[in-house]
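What follows is the content of target_2.txt (compact mmCIF, N, CA and C atoms).
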```txt
# COMPACT_ATOMS: atom_id res chain seq x y z
N THR J 259 25.50 -16.69 -21.35
CA THR J 259 26.33 -17.58 -20.54
C THR J 259 27.76 -17.05 -20.42
N LYS J 260 28.23 -16.36 -21.48
CA LYS J 260 29.59 -15.81 -21.44
C LYS J 260 29.75 -14.85 -20.26
N TYR J 261 28.77 -13.96 -20.09
CA TYR J 261 28.86 -12.98 -19.02
C TYR J 261 28.64 -13.59 -17.65
N ILE J 262 27.79 -14.60 -17.59
CA ILE J 262 27.56 -15.28 -16.31
C ILE J 262 28.84 -15.96 -15.84
N PHE J 263 29.49 -16.69 -16.75
CA PHE J 263 30.73 -17.38 -16.36
C PHE J 263 31.86 -16.39 -16.10
N SER J 264 31.90 -15.30 -16.82
CA SER J 264 32.90 -14.27 -16.56
C SER J 264 32.72 -13.68 -15.16
N THR J 265 31.48 -13.42 -14.80
CA THR J 265 31.18 -12.89 -13.47
C THR J 265 31.51 -13.91 -12.39
N LEU J 266 31.14 -15.16 -12.62
CA LEU J 266 31.46 -16.21 -11.65
C LEU J 266 32.96 -16.39 -11.49
N ALA J 267 33.70 -16.31 -12.58
CA ALA J 267 35.15 -16.44 -12.52
C ALA J 267 35.76 -15.30 -11.70
N GLN J 268 35.28 -14.08 -11.94
CA GLN J 268 35.80 -12.93 -11.19
C GLN J 268 35.46 -13.03 -9.72
N LEU J 269 34.24 -13.45 -9.41
CA LEU J 269 33.84 -13.62 -8.00
C LEU J 269 34.67 -14.71 -7.32
N SER J 270 34.93 -15.79 -8.02
CA SER J 270 35.76 -16.87 -7.46
C SER J 270 37.17 -16.37 -7.17
N GLU J 271 37.71 -15.63 -8.12
CA GLU J 271 39.06 -15.10 -7.94
C GLU J 271 39.11 -14.12 -6.77
N ASN J 272 38.11 -13.26 -6.68
CA ASN J 272 38.05 -12.31 -5.55
C ASN J 272 37.93 -13.05 -4.22
N PHE J 273 37.12 -14.10 -4.18
CA PHE J 273 36.98 -14.87 -2.96
C PHE J 273 38.30 -15.49 -2.53
N ILE J 274 39.04 -16.02 -3.48
CA ILE J 274 40.33 -16.65 -3.17
C ILE J 274 41.29 -15.64 -2.57
N PHE J 275 41.38 -14.44 -3.17
CA PHE J 275 42.32 -13.46 -2.66
C PHE J 275 41.85 -12.85 -1.34
N ILE J 276 40.54 -12.74 -1.13
CA ILE J 276 40.04 -12.31 0.18
C ILE J 276 40.39 -13.36 1.23
N TYR J 277 40.20 -14.62 0.89
CA TYR J 277 40.54 -15.71 1.80
C TYR J 277 42.03 -15.69 2.14
N LEU J 278 42.87 -15.51 1.13
CA LEU J 278 44.31 -15.45 1.38
C LEU J 278 44.68 -14.27 2.25
N GLY J 279 44.05 -13.13 2.00
CA GLY J 279 44.32 -11.95 2.82
C GLY J 279 43.90 -12.14 4.27
N LEU J 280 42.74 -12.75 4.47
CA LEU J 280 42.29 -13.01 5.84
C LEU J 280 43.17 -14.04 6.53
N SER J 281 43.63 -15.03 5.79
CA SER J 281 44.48 -16.05 6.41
C SER J 281 45.82 -15.47 6.85
N LEU J 282 46.21 -14.37 6.22
CA LEU J 282 47.45 -13.70 6.62
C LEU J 282 47.37 -13.23 8.07
N PHE J 283 46.19 -12.73 8.48
CA PHE J 283 46.06 -12.17 9.81
C PHE J 283 45.41 -13.11 10.82
N THR J 284 44.93 -14.25 10.38
CA THR J 284 44.27 -15.17 11.32
C THR J 284 45.02 -16.49 11.48
N SER J 285 46.14 -16.66 10.81
CA SER J 285 46.81 -17.96 10.82
C SER J 285 47.79 -18.22 11.95
N PRO J 286 48.39 -17.21 12.60
CA PRO J 286 49.35 -17.59 13.64
C PRO J 286 48.67 -18.20 14.86
N PRO J 287 49.43 -18.95 15.65
CA PRO J 287 48.85 -19.52 16.86
C PRO J 287 48.32 -18.41 17.77
N SER J 288 47.31 -18.71 18.55
CA SER J 288 46.67 -17.69 19.39
C SER J 288 47.60 -17.13 20.46
N SER J 289 48.66 -17.84 20.80
CA SER J 289 49.56 -17.38 21.85
C SER J 289 50.54 -16.31 21.36
N GLU J 290 50.66 -16.11 20.06
CA GLU J 290 51.61 -15.14 19.53
C GLU J 290 50.92 -14.16 18.59
N LYS J 291 51.50 -12.96 18.48
CA LYS J 291 50.95 -11.93 17.61
C LYS J 291 51.45 -12.13 16.18
N VAL J 292 50.69 -11.58 15.24
CA VAL J 292 51.09 -11.63 13.83
C VAL J 292 52.41 -10.90 13.63
N THR J 293 52.63 -9.84 14.40
CA THR J 293 53.85 -9.04 14.23
C THR J 293 55.11 -9.83 14.56
N ASN J 294 54.99 -10.94 15.28
CA ASN J 294 56.16 -11.78 15.54
C ASN J 294 56.61 -12.53 14.29
N TYR J 295 55.69 -12.67 13.31
CA TYR J 295 56.00 -13.43 12.11
C TYR J 295 56.30 -12.56 10.91
N VAL J 296 55.87 -11.31 10.93
CA VAL J 296 56.08 -10.42 9.78
C VAL J 296 57.48 -9.84 9.86
N LYS J 297 58.26 -10.08 8.83
CA LYS J 297 59.64 -9.59 8.74
C LYS J 297 59.74 -8.67 7.53
N PRO J 298 59.58 -7.34 7.70
CA PRO J 298 59.52 -6.42 6.57
C PRO J 298 60.76 -6.46 5.66
N ILE J 299 61.93 -6.59 6.24
CA ILE J 299 63.15 -6.63 5.41
C ILE J 299 63.16 -7.89 4.55
N PHE J 300 62.80 -9.01 5.14
CA PHE J 300 62.75 -10.27 4.39
C PHE J 300 61.71 -10.20 3.27
N ILE J 301 60.56 -9.61 3.57
CA ILE J 301 59.50 -9.46 2.57
C ILE J 301 59.97 -8.55 1.44
N THR J 302 60.64 -7.46 1.77
CA THR J 302 61.14 -6.53 0.74
C THR J 302 62.18 -7.19 -0.15
N ILE J 303 63.13 -7.88 0.45
CA ILE J 303 64.17 -8.56 -0.34
C ILE J 303 63.55 -9.63 -1.22
N THR J 304 62.60 -10.38 -0.69
CA THR J 304 61.93 -11.42 -1.48
C THR J 304 61.15 -10.82 -2.64
N THR J 305 60.43 -9.73 -2.40
CA THR J 305 59.67 -9.08 -3.46
C THR J 305 60.58 -8.58 -4.56
N VAL J 306 61.66 -7.92 -4.20
CA VAL J 306 62.61 -7.42 -5.20
C VAL J 306 63.22 -8.58 -5.98
N ALA J 307 63.57 -9.65 -5.31
CA ALA J 307 64.16 -10.81 -5.99
C ALA J 307 63.18 -11.45 -6.96
N VAL J 308 61.93 -11.58 -6.56
CA VAL J 308 60.92 -12.19 -7.43
C VAL J 308 60.67 -11.32 -8.66
N VAL J 309 60.53 -10.01 -8.45
CA VAL J 309 60.29 -9.10 -9.58
C VAL J 309 61.49 -9.11 -10.52
N PHE J 310 62.69 -9.06 -9.99
CA PHE J 310 63.89 -9.05 -10.83
C PHE J 310 64.02 -10.34 -11.64
N THR J 311 63.80 -11.49 -11.00
CA THR J 311 63.95 -12.75 -11.74
C THR J 311 62.87 -12.93 -12.79
N ARG J 312 61.64 -12.48 -12.50
CA ARG J 312 60.59 -12.55 -13.52
C ARG J 312 60.95 -11.66 -14.71
N TYR J 313 61.44 -10.46 -14.43
CA TYR J 313 61.84 -9.55 -15.50
C TYR J 313 62.96 -10.17 -16.32
N ALA J 314 63.95 -10.72 -15.64
CA ALA J 314 65.10 -11.31 -16.33
C ALA J 314 64.72 -12.55 -17.13
N ALA J 315 63.65 -13.22 -16.75
CA ALA J 315 63.23 -14.41 -17.49
C ALA J 315 62.31 -14.07 -18.65
N VAL J 316 61.36 -13.16 -18.46
CA VAL J 316 60.33 -12.92 -19.47
C VAL J 316 60.83 -12.07 -20.63
N PHE J 317 61.38 -10.92 -20.35
CA PHE J 317 61.69 -9.97 -21.43
C PHE J 317 62.82 -10.41 -22.35
N PRO J 318 63.95 -10.90 -21.85
CA PRO J 318 64.99 -11.37 -22.78
C PRO J 318 64.52 -12.56 -23.64
N LEU J 319 63.80 -13.50 -23.03
CA LEU J 319 63.31 -14.64 -23.81
C LEU J 319 62.27 -14.21 -24.85
N SER J 320 61.42 -13.26 -24.49
CA SER J 320 60.44 -12.74 -25.44
C SER J 320 61.12 -12.04 -26.61
N GLU J 321 62.14 -11.28 -26.33
CA GLU J 321 62.89 -10.61 -27.39
C GLU J 321 63.59 -11.63 -28.29
N ALA J 322 64.10 -12.70 -27.70
CA ALA J 322 64.73 -13.76 -28.50
C ALA J 322 63.70 -14.42 -29.42
N ILE J 323 62.50 -14.65 -28.90
CA ILE J 323 61.43 -15.24 -29.72
C ILE J 323 61.06 -14.30 -30.86
N ASN J 324 60.92 -13.01 -30.55
CA ASN J 324 60.59 -12.03 -31.59
C ASN J 324 61.70 -11.92 -32.63
N LEU J 325 62.94 -11.96 -32.19
CA LEU J 325 64.08 -11.91 -33.11
C LEU J 325 64.07 -13.12 -34.03
N PHE J 326 63.80 -14.28 -33.47
CA PHE J 326 63.72 -15.50 -34.26
C PHE J 326 62.63 -15.39 -35.32
N HIS J 327 61.47 -14.91 -34.92
CA HIS J 327 60.35 -14.80 -35.86
C HIS J 327 60.60 -13.74 -36.94
N ARG J 328 61.31 -12.68 -36.60
CA ARG J 328 61.59 -11.65 -37.59
C ARG J 328 62.65 -12.07 -38.59
N HIS J 329 63.73 -12.65 -38.11
CA HIS J 329 64.88 -12.91 -38.98
C HIS J 329 64.89 -14.31 -39.58
N VAL J 330 64.55 -15.29 -38.82
CA VAL J 330 64.61 -16.66 -39.33
C VAL J 330 63.37 -17.01 -40.13
N ARG J 331 62.20 -16.66 -39.61
CA ARG J 331 60.96 -17.01 -40.29
C ARG J 331 60.47 -15.91 -41.22
N GLY J 332 61.09 -14.73 -41.15
CA GLY J 332 60.75 -13.65 -42.06
C GLY J 332 59.41 -12.97 -41.80
N GLN J 333 58.91 -13.05 -40.59
CA GLN J 333 57.65 -12.39 -40.27
C GLN J 333 57.91 -10.93 -39.91
N ARG J 334 56.98 -10.08 -40.29
CA ARG J 334 57.12 -8.66 -39.98
C ARG J 334 56.52 -8.30 -38.63
N GLN J 335 55.51 -9.05 -38.24
CA GLN J 335 54.81 -8.77 -37.00
C GLN J 335 55.48 -9.51 -35.84
N GLU J 336 55.53 -8.85 -34.67
CA GLU J 336 56.10 -9.50 -33.50
C GLU J 336 55.21 -10.64 -33.04
N GLU J 337 55.82 -11.73 -32.66
CA GLU J 337 55.06 -12.85 -32.12
C GLU J 337 54.52 -12.53 -30.73
N LEU J 338 55.34 -11.87 -29.93
CA LEU J 338 54.94 -11.47 -28.57
C LEU J 338 55.05 -9.95 -28.44
N PRO J 339 53.95 -9.22 -28.65
CA PRO J 339 54.01 -7.77 -28.47
C PRO J 339 54.29 -7.40 -27.01
N HIS J 340 54.64 -6.15 -26.79
CA HIS J 340 55.01 -5.71 -25.44
C HIS J 340 53.87 -5.93 -24.44
N SER J 341 52.62 -5.73 -24.84
CA SER J 341 51.51 -5.93 -23.91
C SER J 341 51.42 -7.39 -23.46
N TYR J 342 51.72 -8.33 -24.36
CA TYR J 342 51.71 -9.75 -23.98
C TYR J 342 52.89 -10.06 -23.04
N GLN J 343 54.02 -9.43 -23.31
CA GLN J 343 55.17 -9.63 -22.44
C GLN J 343 54.86 -9.14 -21.02
N MET J 344 54.19 -7.98 -20.93
CA MET J 344 53.81 -7.46 -19.61
C MET J 344 52.83 -8.41 -18.92
N MET J 345 51.92 -8.98 -19.69
CA MET J 345 50.97 -9.92 -19.08
C MET J 345 51.70 -11.16 -18.56
N LEU J 346 52.67 -11.67 -19.33
CA LEU J 346 53.46 -12.81 -18.85
C LEU J 346 54.21 -12.45 -17.57
N PHE J 347 54.75 -11.25 -17.53
CA PHE J 347 55.49 -10.79 -16.35
C PHE J 347 54.58 -10.73 -15.13
N TRP J 348 53.43 -10.06 -15.22
CA TRP J 348 52.54 -9.92 -14.07
C TRP J 348 51.81 -11.20 -13.72
N ALA J 349 51.41 -11.97 -14.72
CA ALA J 349 50.67 -13.21 -14.45
C ALA J 349 51.55 -14.21 -13.72
N GLY J 350 52.84 -14.18 -13.99
CA GLY J 350 53.75 -15.09 -13.30
C GLY J 350 53.94 -14.76 -11.84
N LEU J 351 53.57 -13.53 -11.44
CA LEU J 351 53.74 -13.12 -10.05
C LEU J 351 52.52 -13.42 -9.20
N ARG J 352 51.53 -14.08 -9.78
CA ARG J 352 50.30 -14.32 -9.04
C ARG J 352 50.50 -15.34 -7.93
N GLY J 353 51.28 -16.37 -8.16
CA GLY J 353 51.73 -17.22 -7.10
C GLY J 353 50.80 -18.27 -6.54
N ALA J 354 49.86 -18.78 -7.31
CA ALA J 354 48.97 -19.81 -6.79
C ALA J 354 49.77 -21.05 -6.37
N VAL J 355 50.75 -21.40 -7.16
CA VAL J 355 51.58 -22.57 -6.82
C VAL J 355 52.41 -22.27 -5.58
N GLY J 356 52.95 -21.06 -5.51
CA GLY J 356 53.73 -20.66 -4.33
C GLY J 356 52.92 -20.70 -3.05
N VAL J 357 51.69 -20.22 -3.12
CA VAL J 357 50.82 -20.24 -1.94
C VAL J 357 50.50 -21.68 -1.54
N ALA J 358 50.24 -22.53 -2.52
CA ALA J 358 49.94 -23.93 -2.22
C ALA J 358 51.15 -24.63 -1.59
N LEU J 359 52.34 -24.36 -2.12
CA LEU J 359 53.54 -24.95 -1.54
C LEU J 359 53.82 -24.40 -0.15
N ALA J 360 53.60 -23.10 0.04
CA ALA J 360 53.85 -22.49 1.34
C ALA J 360 52.92 -23.03 2.42
N ALA J 361 51.74 -23.45 2.03
CA ALA J 361 50.80 -24.00 3.01
C ALA J 361 51.33 -25.27 3.67
N GLY J 362 52.22 -25.96 2.99
CA GLY J 362 52.76 -27.21 3.54
C GLY J 362 54.06 -27.07 4.31
N PHE J 363 54.55 -25.84 4.50
CA PHE J 363 55.80 -25.64 5.23
C PHE J 363 55.68 -26.11 6.68
N LYS J 364 56.74 -26.72 7.18
CA LYS J 364 56.81 -27.16 8.58
C LYS J 364 58.09 -26.60 9.18
N GLY J 365 58.11 -26.45 10.47
CA GLY J 365 59.32 -26.01 11.14
C GLY J 365 59.17 -24.67 11.83
N ASP J 366 60.28 -24.17 12.38
CA ASP J 366 60.27 -22.95 13.18
C ASP J 366 59.91 -21.70 12.37
N ASN J 367 60.38 -21.62 11.14
CA ASN J 367 60.16 -20.43 10.33
C ASN J 367 59.03 -20.59 9.31
N ALA J 368 58.23 -21.61 9.45
CA ALA J 368 57.18 -21.89 8.46
C ALA J 368 56.18 -20.74 8.38
N GLN J 369 55.77 -20.21 9.52
CA GLN J 369 54.78 -19.13 9.50
C GLN J 369 55.35 -17.86 8.87
N THR J 370 56.59 -17.55 9.11
CA THR J 370 57.23 -16.39 8.49
C THR J 370 57.27 -16.55 6.98
N LEU J 371 57.61 -17.75 6.51
CA LEU J 371 57.65 -18.00 5.08
C LEU J 371 56.25 -17.94 4.46
N ARG J 372 55.24 -18.46 5.15
CA ARG J 372 53.87 -18.39 4.64
C ARG J 372 53.41 -16.94 4.49
N ILE J 373 53.66 -16.14 5.49
CA ILE J 373 53.25 -14.73 5.44
C ILE J 373 54.01 -14.00 4.35
N THR J 374 55.30 -14.29 4.19
CA THR J 374 56.08 -13.66 3.13
C THR J 374 55.52 -14.01 1.76
N VAL J 375 55.18 -15.27 1.55
CA VAL J 375 54.60 -15.69 0.27
C VAL J 375 53.27 -14.97 0.03
N LEU J 376 52.43 -14.87 1.04
CA LEU J 376 51.13 -14.21 0.89
C LEU J 376 51.29 -12.72 0.58
N VAL J 377 52.28 -12.08 1.17
CA VAL J 377 52.49 -10.65 0.92
C VAL J 377 53.06 -10.43 -0.48
N VAL J 378 53.95 -11.30 -0.93
CA VAL J 378 54.60 -11.13 -2.22
C VAL J 378 53.65 -11.43 -3.38
N VAL J 379 52.66 -12.28 -3.16
CA VAL J 379 51.76 -12.67 -4.25
C VAL J 379 50.99 -11.47 -4.77
N PHE J 380 51.06 -11.28 -6.05
CA PHE J 380 50.27 -10.25 -6.73
C PHE J 380 49.13 -10.96 -7.43
N GLY J 381 48.10 -10.24 -7.84
CA GLY J 381 47.08 -10.89 -8.65
C GLY J 381 45.76 -10.18 -8.66
N GLY J 382 44.84 -10.79 -9.38
CA GLY J 382 43.48 -10.32 -9.43
C GLY J 382 43.06 -9.68 -10.73
N THR J 383 43.85 -8.75 -11.24
CA THR J 383 43.37 -7.98 -12.39
C THR J 383 44.40 -7.92 -13.51
N THR J 384 45.09 -8.98 -13.77
CA THR J 384 46.19 -8.95 -14.73
C THR J 384 45.76 -8.44 -16.10
N ALA J 385 44.80 -9.08 -16.72
CA ALA J 385 44.42 -8.70 -18.08
C ALA J 385 43.79 -7.32 -18.13
N ARG J 386 42.90 -7.03 -17.19
CA ARG J 386 42.25 -5.72 -17.18
C ARG J 386 43.22 -4.61 -16.87
N MET J 387 44.17 -4.86 -15.96
CA MET J 387 45.13 -3.84 -15.59
C MET J 387 45.98 -3.43 -16.79
N LEU J 388 46.30 -4.37 -17.66
CA LEU J 388 47.16 -4.10 -18.80
C LEU J 388 46.37 -3.77 -20.06
N GLY J 389 45.06 -3.83 -20.01
CA GLY J 389 44.24 -3.51 -21.17
C GLY J 389 44.30 -4.56 -22.26
N ILE J 390 44.51 -5.82 -21.89
CA ILE J 390 44.59 -6.90 -22.87
C ILE J 390 43.23 -7.55 -22.98
N ARG J 391 42.75 -7.69 -24.19
CA ARG J 391 41.45 -8.34 -24.41
C ARG J 391 41.63 -9.84 -24.33
N THR J 392 40.70 -10.49 -23.62
CA THR J 392 40.77 -11.94 -23.49
C THR J 392 39.44 -12.54 -23.91
N GLY J 393 39.44 -13.85 -24.10
CA GLY J 393 38.21 -14.55 -24.46
C GLY J 393 38.31 -15.17 -25.83
N THR J 394 37.47 -16.15 -26.10
CA THR J 394 37.55 -16.87 -27.35
C THR J 394 37.09 -16.06 -28.53
N SER J 395 36.10 -15.21 -28.37
CA SER J 395 35.60 -14.45 -29.51
C SER J 395 36.65 -13.49 -30.05
N GLU J 396 37.42 -12.84 -29.16
CA GLU J 396 38.48 -11.95 -29.58
C GLU J 396 39.61 -12.75 -30.24
N TYR J 397 39.89 -13.93 -29.68
CA TYR J 397 40.97 -14.74 -30.20
C TYR J 397 40.64 -15.21 -31.63
N ILE J 398 39.41 -15.60 -31.85
CA ILE J 398 38.98 -16.05 -33.16
C ILE J 398 38.98 -14.90 -34.16
N SER J 399 38.58 -13.69 -33.70
CA SER J 399 38.51 -12.55 -34.62
C SER J 399 39.89 -12.09 -35.08
N LEU J 400 40.94 -12.47 -34.34
CA LEU J 400 42.30 -12.12 -34.76
C LEU J 400 42.79 -13.03 -35.89
N GLY J 401 42.06 -14.07 -36.18
CA GLY J 401 42.43 -14.96 -37.28
C GLY J 401 43.51 -15.95 -36.92
N ARG J 402 43.62 -16.31 -35.65
CA ARG J 402 44.65 -17.25 -35.24
C ARG J 402 44.09 -18.64 -35.16
```

This structure in structure tokens:
Amino acid sequence: TKYIFSTLAQLSENFIFIYLGLSLFTSPPSSEKVTNYVKPIFITITTVAVVFTRYAAVFPLSEAINLFHRHVRGQRQEELPHSYQMMLFWAGLRGAVGVALAAGFKGDNAQTLRITVLVVVFGGTTARMLGIRTGTSEYISLGR
């Protein structure tokens, strides 16, 4: 059952991102082209801003947590190793909430904002890309 649900979860995730990708090119009104809504400079600035703010939020706070655990609690092992910090960084860029909020935009620039959100969203292979083991059996074997 573990492998069946793992496969179903991966298929569901792939379906969602395929759907989002297709909606990027099929969502504008039929009277206008997609290229009227795609703004490369806006997308680039948004992507850089999102990556920078995620970096500025995850890594300094993770280091503060590790510092607290080392000095105040006297632990030798880091609470958040670098691989976990990278997972927090990339997982936060997946944007399911952003896509859901963008779907409700109204107004003249709503389509441009929707396309920008869809282009900026990363996702799909966070844990595998970083080589982080997931699942309950691995979590239990770590003794936590």

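The two atoms in question, atom C of His327 (chain J) and CA of Thr311 (chain J), are spaced 25.4 Å apart.
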
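You will find atom C of Asn367 (chain J) at 24.4 Å from atom C of Phe273 (chain J).
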
Residue with smallest distance to Val375 (chain J) - pool J:Pro298, J:Gly362, J:Pro339, J:Gly356, counting all atoms listed in the file: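 Comparing J:Pro298, J:Gly362, J:Pro339, J:Gly356 against Val375 (chain J), the winner is J:Gly356.
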
Arg372 (chain J): which residues within 8 Å, counting only N, CA and C atoms, same-chain residues fewer than 6 positions away excluded, as a PyMOL selection string? chain J and resi 282+357+359-363+378

Can you tell me how far atom C of Val316 (chain J) sits from atom N of Leu376 (chain J), in Å to one decimal?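 Between atom C of Val316 (chain J) and atom N of Leu376 (chain J) the gap works out to 23.4 Å.
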
Which neighbours of Asn294 (chain J) fall inside 8 Å, counting all atoms listed in the file, when residues of the same chain fewer than 3 positions from it are skipped, and could you give them as number ranges by chain? J: 290-291, 297, 369-370
